[in-house]
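This is final34.csv. It holds CSV, C-alpha atoms.
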chain,number,residue,atom,x,y,z
A,1,LEU,CA,-13.5,112.0,189.4
A,2,SER,CA,-17.1,110.6,189.1
A,3,PRO,CA,-16.3,107.4,187.2
A,4,VAL,CA,-14.2,106.0,190.0
A,5,ILE,CA,-16.6,106.8,192.9
A,6,PRO,CA,-18.3,103.5,193.6
A,7,LYS,CA,-22.1,103.5,194.1
A,8,LYS,CA,-21.9,100.2,196.1
A,9,THR,CA,-18.8,99.1,198.0
A,10,THR,CA,-17.7,97.1,201.0
A,11,LEU,CA,-15.4,99.9,201.9
A,12,PRO,CA,-17.6,103.0,202.5
A,13,VAL,CA,-14.6,105.4,202.8
A,14,THR,CA,-14.1,105.1,199.0
A,15,LYS,CA,-17.3,107.1,198.5
A,16,ASN,CA,-15.2,110.1,199.4
A,17,ILE,CA,-12.6,112.2,197.6
A,18,LEU,CA,-9.4,112.7,199.4
A,19,LEU,CA,-7.9,116.2,199.2
A,20,ARG,CA,-4.3,116.2,200.3
A,21,ASP,CA,-1.2,118.3,199.5
A,22,GLY,CA,-2.5,119.9,196.4
A,23,LYS,CA,-4.1,116.8,194.9
A,24,ALA,CA,-7.6,115.3,194.7
A,25,VAL,CA,-7.7,111.5,194.8
A,26,ALA,CA,-10.6,109.1,194.1
A,27,THR,CA,-10.5,105.3,193.9
A,28,ASP,CA,-12.8,102.2,193.6
A,29,LEU,CA,-9.7,100.0,194.5
A,30,GLU,CA,-9.5,98.8,190.8
A,31,ALA,CA,-8.8,102.2,189.4
A,32,THR,CA,-7.4,105.4,190.9
A,33,VAL,CA,-7.5,109.0,189.6
A,34,ILE,CA,-5.3,111.8,190.9
A,35,LEU,CA,-5.9,115.4,189.9
A,36,GLU,CA,-3.5,118.2,190.7
A,37,LEU,CA,-5.5,120.8,192.7
A,38,SER,CA,-3.2,123.4,194.0
A,39,GLU,CA,-5.9,125.1,196.0
A,40,ALA,CA,-6.3,122.0,198.2
A,41,GLU,CA,-4.1,122.8,201.2
A,42,GLY,CA,-4.0,120.4,204.1
A,43,GLU,CA,-6.1,117.2,204.0
A,44,CYS,CA,-9.7,116.1,204.3
A,45,LEU,CA,-12.2,113.7,203.0
A,46,VAL,CA,-15.2,115.0,200.9
A,47,PRO,CA,-18.3,112.9,200.6
A,48,TYR,CA,-18.7,112.9,196.8
A,49,HIS,CA,-22.4,112.4,196.1
A,50,GLN,CA,-23.7,114.8,198.8
A,51,VAL,CA,-21.2,117.6,198.1
A,52,SER,CA,-21.4,117.4,194.3
A,53,GLU,CA,-25.2,117.6,194.5
A,54,LEU,CA,-24.9,120.6,196.9
A,55,LEU,CA,-22.5,122.4,194.6
A,56,LYS,CA,-25.0,122.4,191.7
A,57,TYR,CA,-26.8,125.1,193.6
A,58,VAL,CA,-23.8,127.2,194.8
A,59,PRO,CA,-22.8,130.0,192.4
A,60,GLY,CA,-19.6,129.0,190.6
A,61,ASN,CA,-17.9,132.4,191.3
A,62,GLU,CA,-18.3,132.0,195.1
A,63,GLN,CA,-15.2,131.3,197.2
A,64,LEU,CA,-15.7,127.9,199.0
A,65,THR,CA,-14.0,127.3,202.3
A,66,LEU,CA,-13.6,123.7,203.7
A,67,GLU,CA,-12.8,123.1,207.3
A,68,THR,CA,-12.6,119.9,209.3
A,69,LYS,CA,-13.1,119.5,213.1
A,70,ASN,CA,-13.9,116.6,215.3
A,71,GLY,CA,-14.9,114.3,212.4
A,72,SER,CA,-17.0,116.9,210.6
A,73,LEU,CA,-16.5,118.7,207.3
A,74,ARG,CA,-17.9,122.2,207.1
A,75,LEU,CA,-18.3,124.0,203.8
A,76,SER,CA,-19.1,127.7,203.8
A,77,TRP,CA,-19.6,130.3,201.1
A,78,LYS,CA,-21.0,133.9,201.0
A,79,ASN,CA,-24.6,133.1,201.7
A,80,GLY,CA,-24.6,129.6,203.2
A,81,GLN,CA,-22.9,126.7,204.8
A,82,ALA,CA,-23.2,122.9,205.1
A,83,ALA,CA,-21.7,120.3,207.4
A,84,TYR,CA,-21.1,116.5,206.9
A,85,ASP,CA,-19.8,113.7,209.2
A,86,VAL,CA,-16.7,112.3,207.5
A,87,ALA,CA,-14.1,109.6,208.2
A,88,LYS,CA,-10.5,110.3,208.9
A,89,PRO,CA,-8.2,110.9,205.9
A,90,GLU,CA,-5.8,108.2,207.2
A,91,ASP,CA,-8.5,105.6,206.7
A,92,TYR,CA,-8.5,106.3,202.9
A,93,PRO,CA,-6.7,103.6,200.8
A,94,ALA,CA,-3.1,104.4,199.8
A,95,VAL,CA,-2.4,105.3,196.2
A,96,PRO,CA,-1.1,102.2,194.4
A,97,GLU,CA,2.6,102.1,193.7
A,98,VAL,CA,3.6,101.6,190.1
A,99,LYS,CA,7.0,99.9,189.9
A,100,VAL,CA,8.3,100.8,186.5
A,101,LYS,CA,8.9,97.9,184.1
A,102,ALA,CA,8.6,100.0,180.9
A,103,GLU,CA,7.6,103.6,180.1
A,104,ALA,CA,7.3,106.0,177.2
A,105,GLU,CA,5.5,109.1,176.1
A,106,VAL,CA,3.0,108.3,173.3
A,107,ASP,CA,0.3,110.0,171.2
A,108,GLY,CA,-2.6,110.1,173.6
A,109,GLY,CA,-5.3,110.6,171.0
A,110,VAL,CA,-4.2,107.5,169.1
A,111,LEU,CA,-4.0,105.3,172.2
A,112,VAL,CA,-7.3,106.4,173.8
A,113,LYS,CA,-9.3,106.2,170.5
A,114,GLY,CA,-7.8,102.8,169.7
A,115,LEU,CA,-8.8,101.4,173.1
A,116,ALA,CA,-12.3,103.0,172.9
A,117,ASP,CA,-12.8,101.6,169.4
A,118,VAL,CA,-12.6,98.0,170.4
A,119,VAL,CA,-13.8,98.0,174.0
A,120,GLY,CA,-17.3,97.2,172.9
A,121,PHE,CA,-16.2,93.8,171.8
A,122,CYS,CA,-15.2,92.7,175.3
A,123,ALA,CA,-17.1,89.9,177.1
A,124,THR,CA,-19.4,90.9,179.9
A,125,GLU,CA,-19.6,87.6,181.8
A,126,GLU,CA,-16.7,86.7,184.1
A,127,SER,CA,-16.3,83.1,183.1
A,128,ARG,CA,-13.1,84.0,181.1
A,129,PRO,CA,-11.6,87.1,182.7
A,130,VAL,CA,-9.0,87.6,179.9
A,131,LEU,CA,-11.9,88.4,177.6
A,132,THR,CA,-13.4,91.1,179.8
A,133,GLY,CA,-10.6,93.6,178.9
A,134,VAL,CA,-8.8,95.0,175.9
A,135,ALA,CA,-5.5,93.4,174.9
A,136,LEU,CA,-2.9,96.0,174.3
A,137,TYR,CA,0.1,94.7,172.3
A,138,LEU,CA,2.9,97.3,172.8
A,139,GLY,CA,6.0,97.4,170.6
A,140,ALA,CA,7.3,98.4,167.2
A,141,ASN,CA,3.8,97.4,165.8
A,142,THR,CA,1.3,98.3,168.5
A,143,ALA,CA,-2.2,96.9,168.3
A,144,VAL,CA,-5.4,96.6,170.3
A,145,ALA,CA,-7.9,93.8,170.3
A,146,ALA,CA,-10.9,92.5,172.1
A,147,GLY,CA,-13.4,89.6,171.7
A,148,ASP,CA,-16.1,87.8,173.5
A,149,GLY,CA,-15.9,84.4,171.8
A,150,PHE,CA,-18.4,85.3,169.1
A,151,ARG,CA,-17.0,88.5,167.6
A,152,MET,CA,-13.8,90.5,167.8
A,153,GLY,CA,-12.2,93.8,167.0
A,154,TYR,CA,-8.6,94.2,166.0
A,155,GLN,CA,-6.8,97.4,165.1
A,156,LEU,CA,-3.1,98.4,164.4
A,157,LEU,CA,-2.0,101.7,165.9
A,158,PRO,CA,0.7,104.0,164.7
A,159,LEU,CA,2.1,104.1,168.2
A,160,PRO,CA,5.7,102.7,168.5
A,161,PHE,CA,6.7,101.6,172.1
A,162,PRO,CA,10.3,101.0,173.1
A,163,SER,CA,9.8,97.5,174.4
A,164,GLU,CA,7.5,94.5,173.6
A,165,ASN,CA,4.8,94.1,176.2
A,166,THR,CA,1.3,92.6,176.2
A,167,VAL,CA,-1.2,93.7,178.8
A,168,ILE,CA,-5.0,93.4,179.3
A,169,VAL,CA,-6.7,96.6,180.3
A,170,PRO,CA,-10.1,96.1,182.0
A,171,ALA,CA,-13.1,97.4,180.0
A,172,SER,CA,-14.1,99.6,182.9
A,173,ALA,CA,-10.6,101.2,182.9
A,174,VAL,CA,-10.9,102.0,179.2
A,175,TYR,CA,-14.3,103.8,179.8
A,176,ILE,CA,-12.8,105.8,182.7
A,177,LEU,CA,-9.7,106.8,180.6
A,178,ASP,CA,-12.0,107.8,177.6
A,179,TYR,CA,-14.0,110.0,180.0
A,180,LEU,CA,-11.0,111.6,181.6
A,181,TRP,CA,-9.4,112.3,178.2
A,182,GLY,CA,-12.4,114.3,177.2
A,183,LYS,CA,-12.7,116.1,180.5
A,184,VAL,CA,-9.2,117.1,181.6
A,185,PRO,CA,-8.2,120.5,180.2
A,186,VAL,CA,-5.6,120.4,177.5
A,187,THR,CA,-2.2,121.7,178.6
A,188,ALA,CA,-1.0,124.2,176.0
A,189,GLN,CA,2.3,123.3,174.3
A,190,LEU,CA,4.7,126.0,173.4
A,191,ALA,CA,5.5,125.8,169.7
A,192,ALA,CA,7.2,127.9,167.0
A,193,SER,CA,3.9,129.0,165.5
A,194,LEU,CA,0.2,129.1,166.4
A,195,VAL,CA,-0.6,126.5,163.8
A,196,GLN,CA,2.0,124.1,165.2
A,197,GLN,CA,0.7,124.8,168.7
A,198,VAL,CA,-2.9,124.0,167.8
A,199,THR,CA,-2.1,120.9,165.8
A,200,ALA,CA,0.4,119.5,168.3
A,201,LYS,CA,-0.2,115.9,169.4
A,202,ARG,CA,-1.5,115.5,172.9
A,203,LYS,CA,0.9,113.2,174.7
A,204,ILE,CA,0.3,110.6,177.4
A,205,GLY,CA,3.0,109.3,179.7
A,206,LEU,CA,2.4,105.5,179.7
A,207,VAL,CA,4.1,103.5,182.6
A,208,LEU,CA,3.8,99.8,182.9
A,209,GLY,CA,4.2,98.3,186.4
A,210,GLU,CA,3.8,95.0,188.2
A,211,GLY,CA,0.1,94.2,187.6
A,212,ASN,CA,-0.9,97.8,187.0
A,213,MET,CA,-0.2,100.8,184.7
A,214,ALA,CA,-0.2,104.5,185.0
A,215,LEU,CA,-1.2,107.1,182.4
A,216,ARG,CA,-0.3,110.8,182.9
A,217,PHE,CA,-1.7,113.7,180.9
A,218,GLY,CA,-2.4,117.3,181.7
A,219,ARG,CA,-3.1,117.5,185.5
A,220,ALA,CA,-4.4,114.0,185.7
A,221,THR,CA,-2.8,110.6,186.6
A,222,PHE,CA,-4.8,107.5,186.1
A,223,ILE,CA,-3.7,104.2,187.7
A,224,ALA,CA,-5.5,101.0,186.6
A,225,ARG,CA,-5.1,97.4,187.8
A,226,LEU,CA,-4.5,95.1,184.8
A,227,ILE,CA,-6.1,91.7,184.2
A,228,ASP,CA,-3.8,88.8,185.0
A,229,GLY,CA,-3.3,86.3,182.2
A,230,ASN,CA,-2.6,86.0,178.5
A,231,PRO,CA,-5.1,87.1,175.9
A,232,PRO,CA,-5.9,84.9,172.8
A,233,THR,CA,-3.8,85.5,169.8
A,234,PHE,CA,-6.5,87.6,168.2
A,235,LYS,CA,-4.5,88.4,165.1
A,236,ASP,CA,-4.4,84.6,164.2
A,237,LEU,CA,-8.2,84.5,164.4
A,238,ILE,CA,-8.7,86.9,161.5
A,239,PRO,CA,-9.8,84.7,158.6
A,240,THR,CA,-8.2,84.6,155.2
A,241,PRO,CA,-10.8,86.0,152.8
A,242,ARG,CA,-12.4,83.4,150.5
A,243,LEU,CA,-15.1,85.7,149.1
A,244,LYS,CA,-14.9,89.4,148.9
A,245,VAL,CA,-17.8,91.8,148.3
A,246,GLN,CA,-17.8,95.6,148.5
A,247,VAL,CA,-20.8,97.8,149.5
A,248,LEU,CA,-21.3,101.4,150.5
A,249,ALA,CA,-21.5,101.5,154.3
A,250,PRO,CA,-24.4,104.0,154.6
A,251,GLU,CA,-26.5,101.8,152.2
A,252,LEU,CA,-25.7,98.7,154.2
A,253,GLU,CA,-26.7,100.4,157.4
A,254,GLN,CA,-30.0,101.7,156.1
A,255,ALA,CA,-30.9,98.2,154.8
A,256,VAL,CA,-30.0,96.6,158.1
A,257,ARG,CA,-32.1,99.2,160.0
A,258,ARG,CA,-35.1,98.2,157.8
A,259,LEU,CA,-34.6,94.5,158.7
A,260,GLU,CA,-33.8,95.0,162.4
A,261,LYS,CA,-37.2,94.6,164.0
A,262,ILE,CA,-38.1,91.4,162.0
A,263,ALA,CA,-34.6,90.0,162.6
A,264,ASN,CA,-35.0,90.5,166.4
A,265,GLU,CA,-38.1,88.2,166.2
A,266,ALA,CA,-36.0,85.5,164.5
A,267,SER,CA,-33.0,85.0,166.7
A,268,GLY,CA,-31.4,88.1,165.2
A,269,ILE,CA,-30.6,86.4,161.9
A,270,VAL,CA,-30.0,88.6,158.8
A,271,ARG,CA,-29.2,86.8,155.5
A,272,LEU,CA,-26.9,88.4,152.9
A,273,LYS,CA,-26.8,87.1,149.4
A,274,TRP,CA,-25.0,88.7,146.5
A,275,THR,CA,-24.2,88.6,142.8
A,276,GLU,CA,-21.5,90.5,141.0
A,277,LYS,CA,-23.5,93.7,141.1
A,278,GLU,CA,-26.0,93.7,143.9
A,279,MET,CA,-26.6,92.4,147.5
A,280,THR,CA,-29.9,91.3,148.9
A,281,LEU,CA,-30.5,91.4,152.7
A,282,SER,CA,-33.4,89.5,154.2
A,283,ALA,CA,-35.0,88.6,157.5
A,284,GLN,CA,-38.0,86.6,158.2
A,285,SER,CA,-40.1,85.6,161.2
A,286,ALA,CA,-42.8,82.9,161.2
A,287,GLU,CA,-44.9,85.0,163.6
A,288,VAL,CA,-44.4,88.5,162.1
A,289,GLY,CA,-43.5,88.3,158.4
A,290,GLU,CA,-40.4,89.1,156.3
A,291,VAL,CA,-38.5,92.1,154.9
A,292,GLU,CA,-36.0,92.3,152.1
A,293,ALA,CA,-33.7,95.0,150.8
A,294,THR,CA,-31.4,95.3,147.8
A,295,ILE,CA,-28.3,97.5,147.6
A,296,SER,CA,-25.5,97.9,145.0
A,297,ALA,CA,-22.4,95.7,145.4
A,298,ASN,CA,-19.2,94.8,143.8
A,299,ALA,CA,-18.3,91.1,144.2
A,300,GLU,CA,-14.6,90.6,143.3
A,301,ASP,CA,-14.8,86.8,143.7
A,302,GLY,CA,-18.3,86.1,142.3
A,303,PRO,CA,-21.6,85.4,144.1
A,304,GLY,CA,-21.9,84.3,147.7
A,305,ARG,CA,-24.1,84.2,150.8
A,306,ILE,CA,-23.8,84.3,154.6
A,307,ALA,CA,-26.0,84.8,157.7
A,308,VAL,CA,-25.0,87.3,160.4
A,309,ASN,CA,-26.5,88.4,163.7
A,310,VAL,CA,-28.2,91.8,163.2
A,311,HIS,CA,-26.6,93.1,166.4
A,312,TYR,CA,-23.1,92.5,165.0
A,313,LEU,CA,-24.0,94.5,161.9
Please express what this file holds, its structure, as structure tokens.
Amino acid sequence: LSPVIPKKTTLPVTKNILLRDGKAVATDLEATVILELSEAEGECLVPYHQVSELLKYVPGNEQLTLETKNGSLRLSWKNGQAAYDVAKPEDYPAVPEVKVKAEAEVDGGVLVKGLADVVGFCATEESRPVLTGVALYLGANTAVAAGDGFRMGYQLLPLPFPSENTVIVPASAVYILDYLWGKVPVTAQLAASLVQQVTAKRKIGLVLGEGNMALRFGRATFIARLIDGNPPTFKDLIPTPRLKVQVLAPELEQAVRRLEKIANEASGIVRLKWTEKEMTLSAQSAEVGEVEATISANAEDGPGRIAVNVHYL
């Protein structure tokens, strides 16, 4: 639950986890995570930061008892106890309602990886909110895309969805989803054989609502507020190639690493120049010097040249 516990907030009660009716709930008002926790009978608020720090030093095999009385939460175990002043559970924000517009069960691994692959291209400044999230184009040909006005990432996903929908998922929500996907225990699926069981696709229940969406997998439910607006038509921004050149990715990366420090002294500029059989990368700074590296290449359309920001490479 840690990614949705705010460090700074105008609503201090959200620094708590709500335990209620077999569930643990955390929210920062933009995203909400609900975990099934059958041991949580009754209801109470748990101050996240204080209790999580305390539990680092309580043996994991100890039985922990939580009791609330007169605005106080008491935790007790075999050789110790602790008490914290807490707010009333009824002061905690209500779980957002997701009014179903469209829903389907999809391959969770493909969806989460696709979103995570392009989230690094999102804009960080708030001047154009639609660029601060990942555009998710759902339909027969599902795709994800993100861009900040200078660079973009676009990826087709083998993820058919029963209806055509385009939503913008905040970058912060993508990071939370990626974290949860790696942390929530996998629910074993019964199959005809052990091999089929081990290789079975891990599913996510995807529900689109009015301005929000819910994702359900294992014992977790993740609800995220979507960004309002229409994303750019990222697919139309992909240029038609005029010049094509092929290189080995590891060789290109090594060459760029050699040039990186010099390039950073010269506005990040790396120059690429190629012939039919080789590519030369160079960076130069008037104050520091210059570096050059040559790698093998295969230019399908003849020689060419371009300058690229080293951080993009």
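Atom CA of A:Pro160 to atom CA of A:Ala140 spans 4.8 Å [interatomic distance, one decimal].
Separating atom CA of A:Val98 from atom CA of A:Val86 is a distance of 28.8 Å.
Comparing A:Leu1, A:Ile306, A:Ala171, A:Leu66 by their smallest distance to A:Trp274, the closest is A:Ile306 (using all atoms listed in the file).
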### Query
stretch 72-85 of chain A: which residues within 8 Å, counting only C-alpha atoms, same-chain residues fewer than 2 positions away excluded, as a PyMOL selection string?
chain A and resi 44-47+62-70+87
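Using only C-alpha atoms for every distance, the candidate list A:Gly149, A:Pro170, A:Pro96, A:Pro162 yields A:Pro170 as the residue closest to A:Val119.
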### Interatomic distance (Å, one decimal) between atom CA of A:Ile238 and atom CA of A:Leu111
21.8 Å
Considering all atoms listed in the file, return as a compact mmCIF listing (two decimals) with C-alpha atoms, in the coordinates of the input whatever protein or nucleic-acid residues lie within 6 Å of stretch 253-269 of chain A, sequence-local ones (same chain, fewer than 5 positions apart) excluded.
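The result, stored in part05.txt:
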# COMPACT_ATOMS: atom_id res chain seq x y z
CA ALA A 283 -35.00 88.60 157.50
CA SER A 285 -40.10 85.60 161.20
CA VAL A 291 -38.50 92.10 154.90
CA ALA A 293 -33.70 95.00 150.80
CA VAL A 308 -25.00 87.30 160.40
CA ASN A 309 -26.50 88.40 163.70
CA VAL A 310 -28.20 91.80 163.20
Polymer residues at most 8 Å from A:Gly108, all atoms listed in the file, same-chain spacing of 2 or more positions, as a PDB file with C-alpha atoms, keeping the file's coordinate frame:
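Once written, selection.pdb looks like this:
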ATOM      1  CA  VAL A 106       3.000 108.300 173.300  1.00  0.00           C
ATOM      2  CA  VAL A 110      -4.200 107.500 169.100  1.00  0.00           C
ATOM      3  CA  LEU A 111      -4.000 105.300 172.200  1.00  0.00           C
ATOM      4  CA  VAL A 112      -7.300 106.400 173.800  1.00  0.00           C
ATOM      5  CA  LYS A 201      -0.200 115.900 169.400  1.00  0.00           C
ATOM      6  CA  ARG A 202      -1.500 115.500 172.900  1.00  0.00           C
ATOM      7  CA  LYS A 203       0.900 113.200 174.700  1.00  0.00           C
ATOM      8  CA  ILE A 204       0.300 110.600 177.400  1.00  0.00           C
TER       9      ILE A 204
END
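Here the question is which of A:Leu237, A:Val288, A:Ala145, A:Leu138 gets nearest to A:Gly120 using all atoms listed in the file, and that residue is A:Ala145.
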### Query
Contacts of A:Gly42 at 12 Å or less, counting all atoms listed in the file, minus same-chain residues fewer than 4 places along, as JSON, numbers by chain?
{"A": [18, 19, 20, 21, 22, 23, 24, 37, 38, 66, 67, 68, 89]}
Selected residues, C-alpha atoms, written as a PDB file, keeping the file's coordinate frame, please.
ATOM      1  CA  LEU A  18      -9.400 112.700 199.400  1.00  0.00           C
ATOM      2  CA  LEU A  19      -7.900 116.200 199.200  1.00  0.00           C
ATOM      3  CA  ARG A  20      -4.300 116.200 200.300  1.00  0.00           C
ATOM      4  CA  ASP A  21      -1.200 118.300 199.500  1.00  0.00           C
ATOM      5  CA  GLY A  22      -2.500 119.900 196.400  1.00  0.00           C
ATOM      6  CA  LYS A  23      -4.100 116.800 194.900  1.00  0.00           C
ATOM      7  CA  ALA A  24      -7.600 115.300 194.700  1.00  0.00           C
ATOM      8  CA  LEU A  37      -5.500 120.800 192.700  1.00  0.00           C
ATOM      9  CA  SER A  38      -3.200 123.400 194.000  1.00  0.00           C
ATOM     10  CA  LEU A  66     -13.600 123.700 203.700  1.00  0.00           C
ATOM     11  CA  GLU A  67     -12.800 123.100 207.300  1.00  0.00           C
ATOM     12  CA  THR A  68     -12.600 119.900 209.300  1.00  0.00           C
ATOM     13  CA  PRO A  89      -8.200 110.900 205.900  1.00  0.00           C
TER      14      PRO A  89
END
### Task
Give as an MDAnalysis selection string the set of residues within 10 Å of the point (-4.4, 95.6, 164.2), where distances use the file's coordinates and only C-alpha atoms.
chainID A and resid 114 137 141:145 153:158 234:235
### Message
Please determine, counting all atoms listed in the file, which residue among A:Gly205, A:Gly211, A:Gly304, A:Gly133 has the shortest atom-to-atom distance to A:Val174.
### Response
A:Gly133
### Message
Which residues are close to A:Arg128, i.e. within 12 Å by all atoms listed in the file, leaving aside same-chain residues fewer than 6 positions away? Reply as number ranges by chain.
### Response
A: 122, 147-149, 227-232
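Among the candidate residues A:Ser52, A:Gly60, A:Glu251, A:Pro93, the one lying nearest to A:Thr14 is A:Pro93, with distances computed using only C-alpha atoms.
Distances from A:Glu103, A:Glu300, A:Glu276, A:Glu290 to A:Leu208 were compared using only C-alpha atoms, and the smallest one belongs to A:Glu103.
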With the cut-off set at 10 Å and counting all atoms listed in the file, tabulate each residue of stretch 72-129 of chain A with an atom at most that distance from an atom of stretch 164-168 of chain A, showing the nearest atom pair and its distance in Å to one decimal, ordered by chain and increasing number, as CSV.
residue,atom,partner,partner_atom,distance
A:Lys101,CA,A:Asn165,CA,9.7
A:Ala102,CA,A:Asn165,CA,8.4
A:Pro129,CA,A:Ile168,CA,9.7
